[in-house]
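Heads up: the structure comes next, in structure tokens.
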Amino acid sequence: MCSSDLDRNNATNLFSVDLNSGEILQHTDFDPRKMTEYYNFLTATVNPIKDEVYFYLSGSIVALDLKTQEQRVIYQIPKGYIHSMINCTADGKSVCIGLFQDLSAQFSIDYQRGYVGFAQTLRAHPYSMIVQIPLNGTNPDIVWEEKEWIGHINTSPTQPHLLTFCHEGPWTSVDQRIWGLNLETREAWKIRPKQGKEHFGHEYWLADGEHIGYHGGLANGQKIFGFIKYDNTDQREIEFPFQTGHIHSLDMDVIVGDAGRVVRCWVWDKDEGEYVGPLVLCEHNCTMKIQILHVHPRFSPDGKFVLFTSDRKGYGNVHLVEVPEKKKLLDLPFEIIE
């Protein structure tokens, strides 16, 4: 099952989709035309242990039971702060969120529609925090804080004490993009330390919960995608001459990306000892004009499907495409890069 925010009847609400049957279940019934409250499902996260999802609603982080539809507030965001990502720890016992100082009184911001104020926020070095919220009702805890714009709180899918976060902003301008944090020791460290004019981002955890994938560019302009263990060992970087948007993979064998009009894959060919691709999986035809319409392709847990967002028919919706077995995947057409 996956959860998603979908547009229906001129409103955005939270739905879940059974990936086996295709059945869609609606969990909220908000009507923005009648509400003074602000809600956001873009950063929603599902608990890996129980049927519960967490999302932002009018200054609070709310837990919603996916079976009973009951809601409860688990955290009140302090005034003067904006939340970034919400993510549940691998043991399902807590939720981690990023908070940063609201600078909208100083300059215009609209990060979800056009990155308005993006560079200005980076230069302002807003006070930021990472907060761990126990789901047993005990007190939330600030586990990291600094005067840098923190974003992309990503918890490891297997290690409850590990997460990554980033110093947000244009990739070429940030001091260091990818950071690790140990929730038990409160130690933070650079992951894939930036050297010179290098730039990396769109980091994500592999299914093993120990390796991290990313893409970007070297100081000489060479584009790469790479993998590295959270402790900066077992690094592997692959040069490629193509543009790509967000990427995702469960392991280092098959990678999916979303640049241009298509969803495409790179496949590790063990016989040749190199990656083959990019191979065209399907067309997504998404406008990607605002954050909620970014394609963000990702594999299903079993690797048999790729799930992605597209507004190819007008509204933003989630789409599912089957991934051929590896032998057949290698026979897919290459994309022609102009």
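We name chains A, B, ... following the order of the structure tokens; residues begin at 1 in each chain, and ligands are numbered from 1 as shown.
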Polymer residues at most 7 Å from A:Leu293, only C-alpha atoms, same-chain spacing of 3 or more positions, as an MDAnalysis selection string: chainID A and resid 288:290 309:311 316
Residues near stretch 12-17 of chain A, cut-off 12 Å, only C-alpha atoms, skip fewer than 6 positions along chain, as a PDB file with N, CA, C and O atoms, in the first residue's frame:
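around.pdb written:
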```pdb
ATOM      1  N   MET A   1       0.841  -1.191   0.000  1.00  0.00           N
ATOM      2  CA  MET A   1       0.000   0.000   0.000  1.00  0.00           C
ATOM      3  C   MET A   1       0.875   1.239   0.000  1.00  0.00           C
ATOM      4  O   MET A   1       1.955   1.251   0.574  1.00  0.00           O
ATOM      5  N   CYS A   2       0.412   2.279  -0.673  1.00  0.00           N
ATOM      6  CA  CYS A   2       1.101   3.558  -0.616  1.00  0.00           C
ATOM      7  C   CYS A   2       0.091   4.631  -0.263  1.00  0.00           C
ATOM      8  O   CYS A   2      -1.123   4.440  -0.423  1.00  0.00           O
ATOM      9  N   SER A   3       0.575   5.756   0.250  1.00  0.00           N
ATOM     10  CA  SER A   3      -0.304   6.880   0.522  1.00  0.00           C
ATOM     11  C   SER A   3       0.062   8.012  -0.405  1.00  0.00           C
ATOM     12  O   SER A   3       1.206   8.148  -0.815  1.00  0.00           O
ATOM     13  N   SER A   4      -0.919   8.842  -0.757  1.00  0.00           N
ATOM     14  CA  SER A   4      -0.653   9.932  -1.678  1.00  0.00           C
ATOM     15  C   SER A   4      -1.698  11.005  -1.504  1.00  0.00           C
ATOM     16  O   SER A   4      -2.821  10.744  -1.059  1.00  0.00           O
ATOM     17  N   ASP A   5      -1.308  12.247  -1.843  1.00  0.00           N
ATOM     18  CA  ASP A   5      -2.296  13.306  -1.901  1.00  0.00           C
ATOM     19  C   ASP A   5      -2.776  13.404  -3.334  1.00  0.00           C
ATOM     20  O   ASP A   5      -1.995  13.458  -4.269  1.00  0.00           O
ATOM     21  N   LEU A   6      -4.078  13.363  -3.522  1.00  0.00           N
ATOM     22  CA  LEU A   6      -4.679  13.387  -4.842  1.00  0.00           C
ATOM     23  C   LEU A   6      -5.674  14.529  -4.942  1.00  0.00           C
ATOM     24  O   LEU A   6      -6.291  14.927  -3.954  1.00  0.00           O
ATOM     25  N   GLU A  23      -7.230  -0.554  -5.606  1.00  0.00           N
ATOM     26  CA  GLU A  23      -8.308   0.116  -4.865  1.00  0.00           C
ATOM     27  C   GLU A  23      -7.780   1.377  -4.177  1.00  0.00           C
ATOM     28  O   GLU A  23      -6.719   1.372  -3.556  1.00  0.00           O
ATOM     29  N   ILE A  24      -8.538   2.468  -4.323  1.00  0.00           N
ATOM     30  CA  ILE A  24      -8.184   3.749  -3.713  1.00  0.00           C
ATOM     31  C   ILE A  24      -9.127   4.033  -2.558  1.00  0.00           C
ATOM     32  O   ILE A  24     -10.347   3.908  -2.695  1.00  0.00           O
ATOM     33  N   LEU A  25      -8.582   4.408  -1.410  1.00  0.00           N
ATOM     34  CA  LEU A  25      -9.380   4.719  -0.228  1.00  0.00           C
ATOM     35  C   LEU A  25      -9.082   6.141   0.213  1.00  0.00           C
ATOM     36  O   LEU A  25      -7.928   6.519   0.374  1.00  0.00           O
ATOM     37  N   GLN A  26     -10.119   6.958   0.389  1.00  0.00           N
ATOM     38  CA  GLN A  26      -9.953   8.342   0.823  1.00  0.00           C
ATOM     39  C   GLN A  26      -9.934   8.415   2.344  1.00  0.00           C
ATOM     40  O   GLN A  26     -10.773   7.818   3.016  1.00  0.00           O
ATOM     41  N   HIS A  27      -8.979   9.184   2.898  1.00  0.00           N
ATOM     42  CA  HIS A  27      -8.815   9.257   4.348  1.00  0.00           C
ATOM     43  C   HIS A  27      -9.175  10.615   4.944  1.00  0.00           C
ATOM     44  O   HIS A  27      -9.424  10.718   6.142  1.00  0.00           O
ATOM     45  N   THR A  28      -9.140  11.666   4.143  1.00  0.00           N
ATOM     46  CA  THR A  28      -9.534  12.987   4.640  1.00  0.00           C
ATOM     47  C   THR A  28     -10.575  13.578   3.694  1.00  0.00           C
ATOM     48  O   THR A  28     -10.697  13.142   2.546  1.00  0.00           O
ATOM     49  N   ASP A  29     -11.285  14.574   4.189  1.00  0.00           N
ATOM     50  CA  ASP A  29     -12.318  15.204   3.370  1.00  0.00           C
ATOM     51  C   ASP A  29     -12.267  16.712   3.566  1.00  0.00           C
ATOM     52  O   ASP A  29     -13.229  17.338   4.002  1.00  0.00           O
ATOM     53  N   PHE A  30     -11.101  17.301   3.262  1.00  0.00           N
ATOM     54  CA  PHE A  30     -10.913  18.734   3.406  1.00  0.00           C
ATOM     55  C   PHE A  30     -11.394  19.464   2.152  1.00  0.00           C
ATOM     56  O   PHE A  30     -11.167  19.003   1.036  1.00  0.00           O
ATOM     57  N   ASP A  31     -12.023  20.598   2.352  1.00  0.00           N
ATOM     58  CA  ASP A  31     -12.459  21.453   1.251  1.00  0.00           C
ATOM     59  C   ASP A  31     -11.825  22.827   1.452  1.00  0.00           C
ATOM     60  O   ASP A  31     -12.252  23.580   2.329  1.00  0.00           O
ATOM     61  N   PRO A  32     -10.787  23.155   0.688  1.00  0.00           N
ATOM     62  CA  PRO A  32     -10.078  24.424   0.910  1.00  0.00           C
ATOM     63  C   PRO A  32     -10.966  25.651   0.738  1.00  0.00           C
ATOM     64  O   PRO A  32     -10.654  26.723   1.240  1.00  0.00           O
ATOM     65  N   ARG A  33     -12.080  25.508   0.038  1.00  0.00           N
ATOM     66  CA  ARG A  33     -12.988  26.645  -0.157  1.00  0.00           C
ATOM     67  C   ARG A  33     -13.752  26.983   1.122  1.00  0.00           C
ATOM     68  O   ARG A  33     -14.258  28.080   1.280  1.00  0.00           O
ATOM     69  N   TYR A  38      -4.701  25.459   7.097  1.00  0.00           N
ATOM     70  CA  TYR A  38      -3.808  25.078   6.007  1.00  0.00           C
ATOM     71  C   TYR A  38      -3.299  23.663   6.271  1.00  0.00           C
ATOM     72  O   TYR A  38      -2.839  23.348   7.363  1.00  0.00           O
ATOM     73  N   TYR A  39      -3.404  22.818   5.265  1.00  0.00           N
ATOM     74  CA  TYR A  39      -2.901  21.457   5.416  1.00  0.00           C
ATOM     75  C   TYR A  39      -1.950  21.138   4.272  1.00  0.00           C
ATOM     76  O   TYR A  39      -1.998  21.742   3.201  1.00  0.00           O
ATOM     77  N   ASN A  40      -1.065  20.172   4.508  1.00  0.00           N
ATOM     78  CA  ASN A  40      -0.035  19.849   3.536  1.00  0.00           C
ATOM     79  C   ASN A  40       0.254  18.356   3.600  1.00  0.00           C
ATOM     80  O   ASN A  40       0.687  17.847   4.632  1.00  0.00           O
ATOM     81  N   PHE A  41       0.013  17.672   2.487  1.00  0.00           N
ATOM     82  CA  PHE A  41       0.291  16.242   2.420  1.00  0.00           C
ATOM     83  C   PHE A  41       1.593  15.934   1.693  1.00  0.00           C
ATOM     84  O   PHE A  41       1.992  14.778   1.598  1.00  0.00           O
ATOM     85  N   LEU A  42       2.236  16.952   1.147  1.00  0.00           N
ATOM     86  CA  LEU A  42       3.460  16.726   0.387  1.00  0.00           C
ATOM     87  C   LEU A  42       4.531  16.073   1.251  1.00  0.00           C
ATOM     88  O   LEU A  42       5.333  15.275   0.771  1.00  0.00           O
ATOM     89  N   THR A  43       4.543  16.397   2.545  1.00  0.00           N
ATOM     90  CA  THR A  43       5.566  15.862   3.444  1.00  0.00           C
ATOM     91  C   THR A  43       5.048  14.715   4.314  1.00  0.00           C
ATOM     92  O   THR A  43       5.707  14.320   5.273  1.00  0.00           O
ATOM     93  N   ALA A  44       3.868  14.189   3.997  1.00  0.00           N
ATOM     94  CA  ALA A  44       3.282  13.118   4.810  1.00  0.00           C
ATOM     95  C   ALA A  44       4.156  11.867   4.787  1.00  0.00           C
ATOM     96  O   ALA A  44       4.863  11.592   3.805  1.00  0.00           O
ATOM     97  N   THR A  45       4.109  11.094   5.866  1.00  0.00           N
ATOM     98  CA  THR A  45       4.900   9.864   5.952  1.00  0.00           C
ATOM     99  C   THR A  45       4.076   8.773   6.624  1.00  0.00           C
ATOM    100  O   THR A  45       3.253   9.043   7.497  1.00  0.00           O
ATOM    101  N   VAL A  46       4.293   7.543   6.189  1.00  0.00           N
ATOM    102  CA  VAL A  46       3.562   6.383   6.709  1.00  0.00           C
ATOM    103  C   VAL A  46       4.441   5.643   7.713  1.00  0.00           C
ATOM    104  O   VAL A  46       5.640   5.467   7.506  1.00  0.00           O
ATOM    105  N   ASP A  51      -0.574   0.886  10.738  1.00  0.00           N
ATOM    106  CA  ASP A  51      -1.335   1.618   9.729  1.00  0.00           C
ATOM    107  C   ASP A  51      -1.648   3.027  10.206  1.00  0.00           C
ATOM    108  O   ASP A  51      -2.770   3.341  10.627  1.00  0.00           O
ATOM    109  N   GLU A  52      -0.646   3.881  10.143  1.00  0.00           N
ATOM    110  CA  GLU A  52      -0.806   5.255  10.583  1.00  0.00           C
ATOM    111  C   GLU A  52       0.034   6.154   9.687  1.00  0.00           C
ATOM    112  O   GLU A  52       1.122   5.781   9.252  1.00  0.00           O
ATOM    113  N   VAL A  53      -0.491   7.348   9.394  1.00  0.00           N
ATOM    114  CA  VAL A  53       0.214   8.320   8.564  1.00  0.00           C
ATOM    115  C   VAL A  53       0.257   9.641   9.311  1.00  0.00           C
ATOM    116  O   VAL A  53      -0.635   9.932  10.132  1.00  0.00           O
ATOM    117  N   TYR A  54       1.281  10.453   9.043  1.00  0.00           N
ATOM    118  CA  TYR A  54       1.490  11.707   9.760  1.00  0.00           C
ATOM    119  C   TYR A  54       1.604  12.838   8.742  1.00  0.00           C
ATOM    120  O   TYR A  54       2.299  12.719   7.734  1.00  0.00           O
ATOM    121  N   PHE A  55       0.900  13.951   9.008  1.00  0.00           N
ATOM    122  CA  PHE A  55       0.908  15.069   8.076  1.00  0.00           C
ATOM    123  C   PHE A  55       0.727  16.380   8.824  1.00  0.00           C
ATOM    124  O   PHE A  55       0.430  16.402  10.026  1.00  0.00           O
ATOM    125  N   TYR A  56       0.908  17.492   8.099  1.00  0.00           N
ATOM    126  CA  TYR A  56       0.826  18.834   8.673  1.00  0.00           C
ATOM    127  C   TYR A  56      -0.580  19.385   8.529  1.00  0.00           C
ATOM    128  O   TYR A  56      -1.182  19.311   7.461  1.00  0.00           O
ATOM    129  N   LEU A  57      -1.101  19.962   9.631  1.00  0.00           N
ATOM    130  CA  LEU A  57      -2.415  20.604   9.613  1.00  0.00           C
ATOM    131  C   LEU A  57      -2.403  21.785  10.567  1.00  0.00           C
ATOM    132  O   LEU A  57      -2.351  21.627  11.781  1.00  0.00           O
ATOM    133  N   LEU A  64      -2.947  10.082  11.680  1.00  0.00           N
ATOM    134  CA  LEU A  64      -4.233   9.589  11.190  1.00  0.00           C
ATOM    135  C   LEU A  64      -4.192   8.079  11.100  1.00  0.00           C
ATOM    136  O   LEU A  64      -3.291   7.510  10.488  1.00  0.00           O
ATOM    137  N   ASP A  65      -5.156   7.429  11.740  1.00  0.00           N
ATOM    138  CA  ASP A  65      -5.266   5.973  11.696  1.00  0.00           C
ATOM    139  C   ASP A  65      -5.866   5.574  10.350  1.00  0.00           C
ATOM    140  O   ASP A  65      -6.982   5.982  10.012  1.00  0.00           O
ATOM    141  N   LEU A  66      -5.148   4.783   9.562  1.00  0.00           N
ATOM    142  CA  LEU A  66      -5.588   4.442   8.215  1.00  0.00           C
ATOM    143  C   LEU A  66      -6.757   3.466   8.194  1.00  0.00           C
ATOM    144  O   LEU A  66      -7.372   3.246   7.150  1.00  0.00           O
ATOM    145  N   LYS A  67      -7.086   2.882   9.345  1.00  0.00           N
ATOM    146  CA  LYS A  67      -8.233   1.975   9.408  1.00  0.00           C
ATOM    147  C   LYS A  67      -9.474   2.666   9.960  1.00  0.00           C
ATOM    148  O   LYS A  67     -10.565   2.557   9.403  1.00  0.00           O
ATOM    149  N   GLN A  69      -9.671   6.072  10.580  1.00  0.00           N
ATOM    150  CA  GLN A  69      -9.682   7.471  10.119  1.00  0.00           C
ATOM    151  C   GLN A  69      -9.628   8.474  11.277  1.00  0.00           C
ATOM    152  O   GLN A  69      -9.798   9.679  11.068  1.00  0.00           O
ATOM    153  N   ILE A 292       4.386  19.694  -5.782  1.00  0.00           N
ATOM    154  CA  ILE A 292       3.466  18.564  -5.647  1.00  0.00           C
ATOM    155  C   ILE A 292       3.338  17.783  -6.951  1.00  0.00           C
ATOM    156  O   ILE A 292       2.840  16.662  -6.973  1.00  0.00           O
ATOM    157  N   LEU A 307       6.415   3.629  -9.174  1.00  0.00           N
ATOM    158  CA  LEU A 307       5.312   4.525  -8.861  1.00  0.00           C
ATOM    159  C   LEU A 307       5.774   5.953  -9.109  1.00  0.00           C
ATOM    160  O   LEU A 307       6.885   6.321  -8.724  1.00  0.00           O
ATOM    161  N   TYR A 315      -5.096  16.762 -13.755  1.00  0.00           N
ATOM    162  CA  TYR A 315      -4.898  16.689 -12.309  1.00  0.00           C
ATOM    163  C   TYR A 315      -3.632  15.895 -11.991  1.00  0.00           C
ATOM    164  O   TYR A 315      -3.236  14.998 -12.746  1.00  0.00           O
ATOM    165  N   GLY A 316      -3.037  16.185 -10.829  1.00  0.00           N
ATOM    166  CA  GLY A 316      -1.932  15.373 -10.356  1.00  0.00           C
ATOM    167  C   GLY A 316      -2.447  14.040  -9.847  1.00  0.00           C
ATOM    168  O   GLY A 316      -3.374  13.988  -9.036  1.00  0.00           O
ATOM    169  N   ASN A 317      -1.887  12.944 -10.345  1.00  0.00           N
ATOM    170  CA  ASN A 317      -2.273  11.604  -9.930  1.00  0.00           C
ATOM    171  C   ASN A 317      -1.039  10.724  -9.804  1.00  0.00           C
ATOM    172  O   ASN A 317       0.022  11.036 -10.352  1.00  0.00           O
ATOM    173  N   VAL A 318      -1.178   9.607  -9.109  1.00  0.00           N
ATOM    174  CA  VAL A 318      -0.102   8.631  -9.042  1.00  0.00           C
ATOM    175  C   VAL A 318      -0.324   7.577 -10.119  1.00  0.00           C
ATOM    176  O   VAL A 318      -1.458   7.213 -10.430  1.00  0.00           O
ATOM    177  N   HIS A 319       0.767   7.133 -10.706  1.00  0.00           N
ATOM    178  CA  HIS A 319       0.724   6.150 -11.787  1.00  0.00           C
ATOM    179  C   HIS A 319       1.672   5.011 -11.455  1.00  0.00           C
ATOM    180  O   HIS A 319       2.673   5.200 -10.758  1.00  0.00           O
ATOM    181  N   LEU A 320       1.376   3.845 -11.981  1.00  0.00           N
ATOM    182  CA  LEU A 320       2.162   2.651 -11.714  1.00  0.00           C
ATOM    183  C   LEU A 320       2.543   2.015 -13.041  1.00  0.00           C
ATOM    184  O   LEU A 320       1.694   1.831 -13.923  1.00  0.00           O
TER     185      LEU A 320
END
```
Proximity to A:His246 - best of A:Leu162, A:Val295, A:Cys265, A:Leu183, only C-alpha atoms: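 Ranked by minimum distance to A:His246, first place goes to A:Val295.
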Which residue of A:His152, A:Lys223, A:His161, A:Arg123 approaches A:His83 most closely, using only C-alpha atoms: A:His152
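Shortest separation to A:Glu322 among A:Val263, A:Cys286, A:Leu281, A:Ile228 occurs at residue A:Leu281, atoms counted being only C-alpha atoms.
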Nearest to A:His248 by atom-to-atom distance, counting only C-alpha atoms, from A:Arg236, A:Thr287, A:Glu203, A:Gly209: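 Closest residue, counting only C-alpha atoms: A:Glu203.
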